[in-house]
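Dumped final.cif below, it's mmCIF, C-alpha atoms:
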```cif
data_entry
loop_
_atom_site.label_atom_id
_atom_site.label_comp_id
_atom_site.auth_asym_id
_atom_site.auth_seq_id
_atom_site.Cartn_x
_atom_site.Cartn_y
_atom_site.Cartn_z
CA MET A 1 144.51 -169.64 -79.24
CA ASP A 2 142.92 -166.85 -77.25
CA THR A 3 143.30 -167.92 -73.61
CA ASP A 4 140.95 -165.24 -72.28
CA GLU A 5 138.23 -166.28 -74.71
CA LEU A 6 138.73 -169.93 -73.71
CA GLN A 7 138.50 -169.00 -70.04
CA ASP A 8 135.29 -167.04 -70.64
CA TYR A 9 133.86 -170.03 -72.50
CA LEU A 10 134.64 -172.39 -69.62
CA LYS A 11 133.11 -169.94 -67.14
CA SER A 12 129.93 -169.86 -69.22
CA LEU A 13 129.65 -173.64 -68.69
CA LYS A 14 129.41 -172.97 -64.92
CA HIS A 15 132.57 -174.90 -64.06
CA THR A 16 134.22 -174.21 -60.71
CA GLN A 17 137.35 -172.07 -60.66
CA SER A 18 139.54 -175.05 -59.77
CA THR A 19 138.12 -177.07 -62.68
CA ILE A 20 138.67 -174.16 -65.08
CA LYS A 21 142.25 -173.85 -63.87
CA SER A 22 142.83 -177.58 -64.48
CA TYR A 23 141.31 -177.42 -67.97
CA LEU A 24 143.40 -174.38 -68.89
CA PHE A 25 146.57 -176.15 -67.77
CA ILE A 26 145.72 -179.32 -69.72
CA ILE A 27 144.77 -177.44 -72.88
CA ALA A 28 147.75 -175.08 -72.75
CA ARG A 29 150.19 -177.96 -72.46
CA TYR A 30 148.39 -179.95 -75.16
CA VAL A 31 148.46 -177.05 -77.65
CA LYS A 32 152.09 -176.22 -76.83
CA GLU A 33 153.20 -179.82 -77.42
CA HIS A 34 150.91 -180.22 -80.46
CA PRO A 35 150.71 -176.95 -82.45
CA GLN A 36 148.55 -178.63 -85.11
CA ALA A 37 146.05 -179.98 -82.55
CA ASN A 38 143.20 -177.95 -84.07
CA SER A 39 143.40 -180.17 -87.15
CA TYR A 40 143.84 -183.49 -85.33
CA ASP A 41 141.55 -186.41 -86.04
CA TYR A 42 140.50 -189.37 -83.88
CA LYS A 43 143.71 -191.34 -84.51
CA ASP A 44 145.98 -188.39 -83.65
CA ILE A 45 144.19 -187.83 -80.34
CA MET A 46 144.29 -191.55 -79.47
CA ASP A 47 148.03 -191.50 -80.12
CA TYR A 48 148.29 -188.65 -77.61
CA PHE A 49 146.41 -190.64 -74.99
CA LYS A 50 148.68 -193.63 -75.61
CA SER A 51 151.77 -191.50 -75.04
CA PHE A 52 150.20 -190.34 -71.78
CA LEU A 53 149.72 -193.96 -70.66
CA LEU A 54 153.32 -194.80 -71.50
CA ASN A 55 154.60 -192.00 -69.28
CA VAL A 56 153.84 -193.06 -65.69
CA ASP A 57 154.96 -189.66 -64.36
CA GLU A 58 152.31 -187.75 -66.30
CA ARG A 59 149.70 -185.73 -64.46
CA PRO A 60 146.73 -185.20 -64.18
CA GLY A 61 144.70 -188.40 -64.23
CA MET A 62 143.32 -189.92 -67.42
CA ALA A 63 139.71 -188.98 -66.66
CA LEU A 64 140.55 -185.29 -66.17
CA LEU A 65 142.86 -185.32 -69.19
CA GLN A 66 140.13 -186.69 -71.48
CA SER A 67 137.64 -184.14 -70.19
CA GLY A 68 140.07 -181.26 -70.71
CA ILE A 69 140.93 -182.30 -74.28
CA LYS A 70 137.24 -182.67 -75.13
CA LYS A 71 136.58 -179.17 -73.76
CA TYR A 72 139.28 -177.85 -76.08
CA TYR A 73 137.52 -179.26 -79.13
CA ASP A 74 134.14 -178.11 -77.76
CA PHE A 75 135.64 -174.62 -77.68
CA LEU A 76 136.91 -174.90 -81.25
CA ILE A 77 133.42 -175.86 -82.41
CA HIS A 78 131.88 -173.05 -80.33
CA THR A 79 134.15 -170.49 -81.99
CA GLY A 80 133.64 -171.91 -85.48
CA GLN A 81 137.24 -173.08 -85.94
CA ILE A 82 136.17 -176.68 -86.60
CA TYR A 83 132.80 -178.24 -87.41
CA ARG A 84 133.19 -181.84 -86.29
CA HIS A 85 134.24 -183.05 -82.85
CA PRO A 86 137.11 -185.54 -83.34
CA CYS A 87 137.08 -187.23 -79.93
CA ARG A 88 133.67 -186.92 -78.27
CA SER A 89 133.15 -190.70 -78.33
CA ILE A 90 136.49 -191.53 -76.67
CA CYS A 91 136.10 -192.93 -73.15
CA ILE A 92 139.16 -194.61 -71.67
CA LYS A 93 138.54 -196.10 -68.25
CA GLN A 94 141.39 -196.98 -65.93
CA ARG A 95 141.38 -199.45 -63.11
CA ARG A 96 141.50 -198.11 -59.60
CA LYS A 97 144.81 -196.66 -58.56
CA ASN A 98 147.44 -199.26 -57.80
CA VAL A 99 149.73 -199.27 -54.82
CA ILE A 100 152.91 -197.34 -55.64
CA HIS A 101 155.60 -199.99 -55.99
CA VAL A 102 158.73 -197.84 -56.03
CA ASP A 103 159.11 -197.81 -52.22
CA LEU A 104 158.12 -201.42 -51.58
CA PHE A 105 160.57 -204.08 -50.49
CA THR A 106 161.73 -207.28 -52.13
CA GLN A 107 161.51 -210.51 -50.17
CA PHE A 108 165.30 -210.49 -49.81
CA GLU A 109 165.17 -207.00 -48.30
CA LEU A 110 162.42 -208.04 -45.90
CA GLU A 111 164.32 -211.10 -44.75
CA ARG A 112 167.24 -208.85 -43.86
CA LEU A 113 165.12 -207.74 -40.89
CA LEU A 114 165.43 -211.23 -39.43
CA ARG A 115 169.22 -211.08 -39.39
CA ARG A 116 169.58 -208.09 -37.09
CA HIS A 117 171.45 -208.57 -33.82
CA GLU A 118 169.00 -208.20 -30.93
CA ARG A 119 170.04 -206.09 -27.97
CA TYR A 120 167.92 -207.94 -25.41
CA ALA A 121 168.30 -211.72 -25.43
CA VAL A 122 164.89 -212.26 -23.81
CA LEU A 123 163.20 -210.41 -26.68
CA LYS A 124 165.22 -211.98 -29.49
CA HIS A 125 162.87 -214.86 -30.37
CA ARG A 126 159.75 -212.75 -29.86
CA ASN A 127 160.99 -209.98 -32.15
CA ARG A 128 161.98 -212.41 -34.87
CA LEU A 129 158.64 -214.18 -34.56
CA VAL A 130 156.82 -210.86 -35.00
CA ILE A 131 158.97 -209.94 -38.00
CA SER A 132 158.40 -213.37 -39.56
CA LEU A 133 154.62 -213.00 -39.27
CA LEU A 134 154.88 -209.63 -41.01
CA ILE A 135 157.16 -210.69 -43.86
CA TYR A 136 155.87 -214.22 -44.57
CA GLN A 137 152.15 -214.14 -43.74
CA GLY A 138 151.66 -210.42 -44.37
CA LEU A 139 149.65 -209.95 -41.17
CA THR A 140 148.51 -206.56 -39.95
CA SER A 141 149.72 -205.23 -36.62
CA SER A 142 146.28 -205.75 -35.06
CA GLU A 143 146.13 -209.34 -36.33
CA ILE A 144 149.50 -210.05 -34.72
CA THR A 145 148.58 -208.52 -31.37
CA SER A 146 145.25 -210.41 -31.37
CA LEU A 147 146.93 -213.81 -31.64
CA LYS A 148 146.43 -216.21 -28.75
CA VAL A 149 148.57 -219.20 -27.88
CA LYS A 150 145.71 -221.50 -28.92
CA ASP A 151 145.69 -219.95 -32.41
CA ILE A 152 148.99 -221.68 -33.20
CA ASN A 153 148.91 -225.35 -34.15
CA PRO A 154 152.55 -226.53 -34.24
CA ASP A 155 151.58 -230.07 -35.22
CA ARG A 156 149.82 -228.88 -38.36
CA GLY A 157 152.15 -225.94 -38.84
CA VAL A 158 149.39 -223.34 -39.16
CA VAL A 159 148.29 -220.13 -37.49
CA LYS A 160 144.63 -219.16 -37.23
CA ILE A 161 143.80 -215.51 -37.90
CA ALA A 162 140.50 -214.24 -36.50
CA SER A 163 138.16 -212.28 -38.74
CA SER A 164 137.69 -208.55 -38.20
CA LEU A 165 135.63 -205.72 -39.63
CA THR A 166 138.20 -205.18 -42.37
CA ASN A 167 139.72 -208.62 -43.01
CA SER A 168 138.47 -212.18 -43.30
CA GLY A 169 139.57 -214.93 -40.96
CA ARG A 170 141.95 -217.53 -42.36
CA LYS A 171 144.41 -220.32 -41.56
CA LEU A 172 147.91 -219.76 -42.84
CA GLU A 173 150.82 -222.15 -43.15
CA LEU A 174 153.90 -221.44 -41.06
CA LYS A 175 157.43 -221.96 -42.31
CA PRO A 176 159.68 -224.49 -40.52
CA MET A 177 161.92 -221.69 -39.22
CA GLN A 178 158.84 -220.01 -37.73
CA LEU A 179 157.91 -223.20 -35.90
CA ASP A 180 161.45 -223.26 -34.49
CA LEU A 181 161.15 -219.61 -33.41
CA LEU A 182 157.77 -220.33 -31.89
CA ASP A 183 159.12 -223.25 -29.86
CA LYS A 184 162.02 -221.18 -28.53
CA TYR A 185 159.75 -218.23 -27.74
CA LEU A 186 157.07 -220.28 -25.94
CA ASN A 187 159.46 -222.46 -23.98
CA LYS A 188 162.12 -219.88 -23.16
CA SER A 189 161.42 -216.19 -23.75
CA ARG A 190 157.73 -216.12 -22.97
CA LYS A 191 158.20 -217.91 -19.65
CA HIS A 192 160.55 -215.11 -18.59
CA LEU A 193 158.17 -212.40 -19.77
CA GLN A 194 154.94 -213.87 -18.44
CA ARG A 195 153.69 -212.34 -15.19
CA GLN A 196 150.38 -214.18 -15.01
CA ASN A 197 148.42 -216.84 -16.85
CA GLN A 198 147.72 -215.12 -20.17
CA GLU A 199 146.18 -216.40 -23.39
CA VAL A 200 147.75 -213.71 -25.57
CA LEU A 201 150.67 -215.06 -27.58
CA LEU A 202 152.96 -212.04 -27.71
CA LEU A 203 154.06 -210.17 -24.59
CA ASN A 204 156.09 -207.00 -24.20
CA LYS A 205 159.12 -206.67 -21.91
CA LEU A 206 156.86 -205.76 -18.97
CA GLY A 207 154.89 -208.97 -19.39
CA ASN A 208 151.80 -207.26 -20.79
CA PRO A 209 150.15 -208.10 -24.13
CA MET A 210 151.89 -206.42 -27.05
CA THR A 211 149.94 -203.54 -28.55
CA VAL A 212 149.81 -202.14 -32.08
CA ASP A 213 151.98 -199.27 -30.84
CA ASP A 214 154.53 -201.83 -29.62
CA ILE A 215 154.65 -203.35 -33.12
CA HIS A 216 155.15 -199.94 -34.71
CA TYR A 217 157.88 -199.06 -32.21
CA LEU A 218 159.62 -202.36 -32.93
CA ILE A 219 159.66 -201.63 -36.67
CA GLU A 220 160.97 -198.12 -35.93
CA THR A 221 164.09 -199.72 -34.48
CA TYR A 222 164.80 -201.37 -37.85
CA LYS A 223 164.63 -198.17 -39.89
CA TYR A 224 168.40 -197.68 -39.83
CA LEU A 225 168.60 -200.59 -42.28
CA TYR A 226 166.67 -198.55 -44.88
CA PRO A 227 167.10 -194.91 -43.82
CA ASP A 228 165.82 -193.42 -47.09
CA ARG A 229 162.70 -195.57 -47.37
CA LYS A 230 159.40 -195.85 -45.55
CA LEU A 231 159.57 -198.96 -43.38
CA THR A 232 156.34 -199.53 -41.45
CA PRO A 233 154.12 -202.54 -40.73
CA GLN A 234 151.86 -201.27 -43.52
CA THR A 235 154.58 -201.03 -46.18
CA ILE A 236 155.85 -204.46 -45.14
CA ARG A 237 152.38 -205.93 -45.67
CA GLN A 238 152.02 -204.07 -48.97
CA SER A 239 155.38 -205.44 -50.08
CA VAL A 240 154.44 -209.02 -49.16
CA ILE A 241 151.16 -208.88 -51.11
CA ALA A 242 152.83 -207.19 -54.08
CA ASN A 243 155.53 -209.88 -54.10
CA TRP A 244 152.91 -212.64 -54.01
CA LEU A 245 151.29 -211.24 -57.14
CA ASN A 246 154.21 -209.85 -59.11
CA LYS A 247 157.23 -211.97 -58.18
CA TYR A 248 155.72 -215.32 -57.27
CA HIS A 249 152.71 -214.93 -59.60
CA ILE A 250 150.24 -216.31 -57.08
CA PRO A 251 146.74 -216.24 -58.62
CA LEU A 252 144.66 -213.25 -57.57
CA GLU A 253 142.04 -215.33 -55.75
CA ASP A 254 144.73 -217.17 -53.75
CA ALA A 255 146.50 -213.91 -52.84
CA GLN A 256 143.15 -212.50 -51.73
CA LEU A 257 142.64 -215.44 -49.37
CA LEU A 258 146.19 -215.16 -47.98
CA ALA A 259 145.80 -211.42 -47.39
CA GLY A 260 142.33 -211.78 -45.87
CA HIS A 261 140.85 -209.22 -48.24
CA LYS A 262 137.07 -209.35 -48.43
CA ARG A 263 137.00 -208.03 -52.00
CA PRO A 264 139.27 -208.97 -54.93
CA SER A 265 139.59 -205.28 -55.81
CA ALA A 266 141.50 -204.74 -52.57
CA THR A 267 144.09 -207.28 -53.73
CA LEU A 268 144.12 -206.17 -57.36
CA LYS A 269 145.55 -202.75 -56.49
CA TYR A 270 148.83 -204.47 -55.57
CA LYS A 271 149.20 -205.79 -59.11
CA GLN A 272 151.94 -203.95 -60.94
CA ALA A 273 150.64 -201.99 -63.90
CA ASN A 274 151.48 -203.41 -67.30
CA ILE A 275 151.67 -200.31 -69.48
CA GLN A 276 152.28 -202.24 -72.68
CA GLN A 277 149.18 -204.29 -71.98
CA ALA A 278 147.21 -201.07 -71.51
CA VAL A 279 148.36 -199.81 -74.92
CA GLU A 280 147.43 -203.12 -76.53
CA THR A 281 143.99 -202.86 -74.94
CA LEU A 282 143.58 -199.37 -76.40
CA ASN A 283 144.54 -200.70 -79.82
CA ARG A 284 141.97 -203.45 -79.53
CA LEU A 285 139.19 -201.18 -78.32
CA HIS A 286 140.02 -198.35 -80.71
CA PRO A 287 141.41 -199.91 -83.93
CA PHE A 288 142.63 -197.61 -86.65
#
```
Now, as a test, write the supplied structure out as structure tokens.
Amino acid sequence: MDTDELQDYLKSLKHTQSTIKSYLFIIARYVKEHPQANSYDYKDIMDYFKSFLLNVDERPGMALLQSGIKKYYDFLIHTGQIYRHPCRSICIKQRRKNVIHVDLFTQFELERLLRRHERYAVLKHRNRLVISLLIYQGLTSSEITSLKVKDINPDRGVVKIASSLTNSGRKLELKPMQLDLLDKYLNKSRKHLQRQNQEVLLLNKLGNPMTVDDIHYLIETYKYLYPDRKLTPQTIRQSVIANWLNKYHIPLEDAQLLAGHKRPSATLKYKQANIQQAVETLNRLHPF
């Protein structure tokens, strides 16, 4: 294949330089891996796309890959090397990009955060309460810092989360150990921390309402437990939602309610990709 001629052809189509570079890379790799590609038919090309789906480390994305391969066969037609386009009708759509699961934490790993020895006794119950709200209810840092004492109903064992611009309001069940932590925090630790009559549930060591920065700093102090991984309030929440869907198999609509997502698509991205299912879908949509 004449690379210069291919490049001139792509330029004649008024593609940007970055797009041309991407197409050249895709086509060069495709031809190198498949020397007989100029004689491939529909089935051969679909097999190539399936192999791409089975290799999660492949790049670029499926949409760009399809476009690049189609440009290759457009070029072959343009230069008279073939007379029928073998894959113009192929259109494989992928769901929106999922959350990367490799760095997320199992529930067992998250619960390890609760077992750390606390340096300051007065902050012990507060810190564990914060961690428990992160790893069991999957709350965001802002949701935690917005909690008021009145939002907790110990008799019913629930916590009320206010709605925000990004998340829906909801009532979430508390675990028995959280109710115990809450009792110890309200009746012991918080009384020592409180400097005035405050409605906010969680106070810092100066007696002021905890901030989002306080939550992030708290999680920073746990990073020694997982030094090679990204431990943040965000990755904890991502891990909790991913575990709901993939380990505990909570239905999507229920996980959406628990997470406070306003759209199911926001929850769906935490669903672990099933590559075999994707291949089966391709077989069904493109039978041979």
For this session: Take atom CA of Lys247 of chain A and atom CA of Ser132 of chain A and report the distance between them in Å, one decimal.
Result: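 About the pair atom CA of Lys247 of chain A and atom CA of Ser132 of chain A: they are 18.7 Å apart.
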For this session: Would you mind reading off the distance between atom CA of Leu203 of chain A and atom CA of Tyr224 of chain A, one decimal, in Å?
Result: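 Between atom CA of Leu203 of chain A and atom CA of Tyr224 of chain A the gap is 24.4 Å.
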All residues 6 Å or closer to segment 141-148 of chain A, all atoms listed in the file, same chain fewer than 3 positions away omitted, as a PDB file with C-alpha atoms, in the frame of the given file:
```pdb
ATOM      1  CA  ASP A 151     145.690-219.950 -32.410  1.00  0.00           C
ATOM      2  CA  GLU A 199     146.180-216.400 -23.390  1.00  0.00           C
ATOM      3  CA  VAL A 200     147.750-213.710 -25.570  1.00  0.00           C
ATOM      4  CA  LEU A 201     150.670-215.060 -27.580  1.00  0.00           C
ATOM      5  CA  MET A 210     151.890-206.420 -27.050  1.00  0.00           C
ATOM      6  CA  THR A 211     149.940-203.540 -28.550  1.00  0.00           C
ATOM      7  CA  VAL A 212     149.810-202.140 -32.080  1.00  0.00           C
TER       8      VAL A 212
END
```
Problem set entry | Long-range neighbours of segment 7-15 of chain A as a PyMOL selection string, 12 Å cut-off, only C-alpha atoms, 2 positions minimum in chain | chain A and resi 1-5+17-25+27-28+68+70-79
Emit the selected residues as a compact mmCIF listing (two decimals), keeping the file's coordinate frame, including C-alpha atoms.
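Printed below is selection27.txt as written:
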```
# COMPACT_ATOMS: atom_id res chain seq x y z
CA MET A 1 144.51 -169.64 -79.24
CA ASP A 2 142.92 -166.85 -77.25
CA THR A 3 143.30 -167.92 -73.61
CA ASP A 4 140.95 -165.24 -72.28
CA GLU A 5 138.23 -166.28 -74.71
CA GLN A 17 137.35 -172.07 -60.66
CA SER A 18 139.54 -175.05 -59.77
CA THR A 19 138.12 -177.07 -62.68
CA ILE A 20 138.67 -174.16 -65.08
CA LYS A 21 142.25 -173.85 -63.87
CA SER A 22 142.83 -177.58 -64.48
CA TYR A 23 141.31 -177.42 -67.97
CA LEU A 24 143.40 -174.38 -68.89
CA PHE A 25 146.57 -176.15 -67.77
CA ILE A 27 144.77 -177.44 -72.88
CA ALA A 28 147.75 -175.08 -72.75
CA GLY A 68 140.07 -181.26 -70.71
CA LYS A 70 137.24 -182.67 -75.13
CA LYS A 71 136.58 -179.17 -73.76
CA TYR A 72 139.28 -177.85 -76.08
CA TYR A 73 137.52 -179.26 -79.13
CA ASP A 74 134.14 -178.11 -77.76
CA PHE A 75 135.64 -174.62 -77.68
CA LEU A 76 136.91 -174.90 -81.25
CA ILE A 77 133.42 -175.86 -82.41
CA HIS A 78 131.88 -173.05 -80.33
CA THR A 79 134.15 -170.49 -81.99
```
For this session: Mind checking which residues fall within 12 Å of His261 of chain A, counting all atoms listed in the file, ignoring those fewer than 3 positions away in the same chain, and posting them as a list in words?
Result: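 My list of contacting residues is Gly138, Leu139, Thr140, Ser163, Ser164, Leu165, Thr166, Asn167, Ser168, Gly169, Arg170, Ile241, Leu252, Glu253, Asp254, Ala255, Gln256, Leu257, Leu258, Pro264, Ser265, Ala266, Thr267, Leu268, Lys269 and Tyr270 of chain A.
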Problem set entry | Atom-to-atom span, atom CA of Val130 of chain A and atom CA of Asn208 of chain A, Å | 15.5 Å
Problem set entry | Surrounding residues of Lys271 of chain A excluding itself and chain neighbours under 3 positions, 7 Å, all atoms listed in the file, as a PyMOL selection string | chain A and resi 98+242+245-246+268
Which residues, named as in the file, does the PyMOL selection byres ((chain A and resi 114) around 12) pick out? Answer as a tab-separated table (two decimals) with C-alpha atoms, keeping the file's coordinate frame.
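The resulting result_27.tsv:
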```
chain	number	residue	atom	x	y	z
A	107	GLN	CA	161.51	-210.51	-50.17
A	108	PHE	CA	165.30	-210.49	-49.81
A	109	GLU	CA	165.17	-207.00	-48.30
A	110	LEU	CA	162.42	-208.04	-45.90
A	111	GLU	CA	164.32	-211.10	-44.75
A	112	ARG	CA	167.24	-208.85	-43.86
A	113	LEU	CA	165.12	-207.74	-40.89
A	115	ARG	CA	169.22	-211.08	-39.39
A	116	ARG	CA	169.58	-208.09	-37.09
A	117	HIS	CA	171.45	-208.57	-33.82
A	118	GLU	CA	169.00	-208.20	-30.93
A	124	LYS	CA	165.22	-211.98	-29.49
A	125	HIS	CA	162.87	-214.86	-30.37
A	126	ARG	CA	159.75	-212.75	-29.86
A	127	ASN	CA	160.99	-209.98	-32.15
A	128	ARG	CA	161.98	-212.41	-34.87
A	129	LEU	CA	158.64	-214.18	-34.56
A	130	VAL	CA	156.82	-210.86	-35.00
A	131	ILE	CA	158.97	-209.94	-38.00
A	132	SER	CA	158.40	-213.37	-39.56
A	133	LEU	CA	154.62	-213.00	-39.27
A	134	LEU	CA	154.88	-209.63	-41.01
A	135	ILE	CA	157.16	-210.69	-43.86
A	136	TYR	CA	155.87	-214.22	-44.57
A	177	MET	CA	161.92	-221.69	-39.22
A	178	GLN	CA	158.84	-220.01	-37.73
A	181	LEU	CA	161.15	-219.61	-33.41
A	219	ILE	CA	159.66	-201.63	-36.67
A	222	TYR	CA	164.80	-201.37	-37.85
A	225	LEU	CA	168.60	-200.59	-42.28
```
Problem set entry | Best match for closeness to Met46 of chain A among A:Arg88, A:Lys262, A:Arg195, A:Arg29, counting all atoms listed in the file |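 The closest residue to Met46 of chain A is A:Arg88.
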Exercise. Excluding same-chain residues fewer than 3 positions from Leu172 of chain A, what lies within 8 Å of it counting all atoms listed in the file, as a ChimeraX atom specification?
Worked result: /A:137,158-161,258
Exercise. From the list A:Ile26, A:Leu202, A:Leu104, A:Leu64, which residue is nearest Lys150 of chain A when using only C-alpha atoms?
Worked result: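 Looking at the shortest contact to Lys150 of chain A, the residue is A:Leu202.
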Selection result for the PyMOL selection byres ((chain A and resi 39) around 12) on this file, as an mmCIF file with C-alpha atoms, keeping the file's coordinate frame:
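Output contents, as saved in selection-v5.cif:
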```cif
data_model
loop_
_atom_site.group_PDB
_atom_site.id
_atom_site.type_symbol
_atom_site.label_atom_id
_atom_site.label_comp_id
_atom_site.auth_asym_id
_atom_site.auth_seq_id
_atom_site.Cartn_x
_atom_site.Cartn_y
_atom_site.Cartn_z
ATOM 1 C CA VAL A 31 148.460 -177.050 -77.650
ATOM 2 C CA HIS A 34 150.910 -180.220 -80.460
ATOM 3 C CA PRO A 35 150.710 -176.950 -82.450
ATOM 4 C CA GLN A 36 148.550 -178.630 -85.110
ATOM 5 C CA ALA A 37 146.050 -179.980 -82.550
ATOM 6 C CA ASN A 38 143.200 -177.950 -84.070
ATOM 7 C CA TYR A 40 143.840 -183.490 -85.330
ATOM 8 C CA ASP A 41 141.550 -186.410 -86.040
ATOM 9 C CA TYR A 42 140.500 -189.370 -83.880
ATOM 10 C CA LYS A 43 143.710 -191.340 -84.510
ATOM 11 C CA ASP A 44 145.980 -188.390 -83.650
ATOM 12 C CA ILE A 45 144.190 -187.830 -80.340
ATOM 13 C CA TYR A 73 137.520 -179.260 -79.130
ATOM 14 C CA LEU A 76 136.910 -174.900 -81.250
ATOM 15 C CA ILE A 77 133.420 -175.860 -82.410
ATOM 16 C CA GLN A 81 137.240 -173.080 -85.940
ATOM 17 C CA ILE A 82 136.170 -176.680 -86.600
ATOM 18 C CA TYR A 83 132.800 -178.240 -87.410
ATOM 19 C CA ARG A 84 133.190 -181.840 -86.290
ATOM 20 C CA HIS A 85 134.240 -183.050 -82.850
ATOM 21 C CA PRO A 86 137.110 -185.540 -83.340
ATOM 22 C CA CYS A 87 137.080 -187.230 -79.930
#
```
Exercise. Smallest atom-to-atom distance to Tyr248 of chain A: which of A:Thr221, A:Val149, A:Thr106, A:Leu182, using only C-alpha atoms?
Worked result: A:Thr106
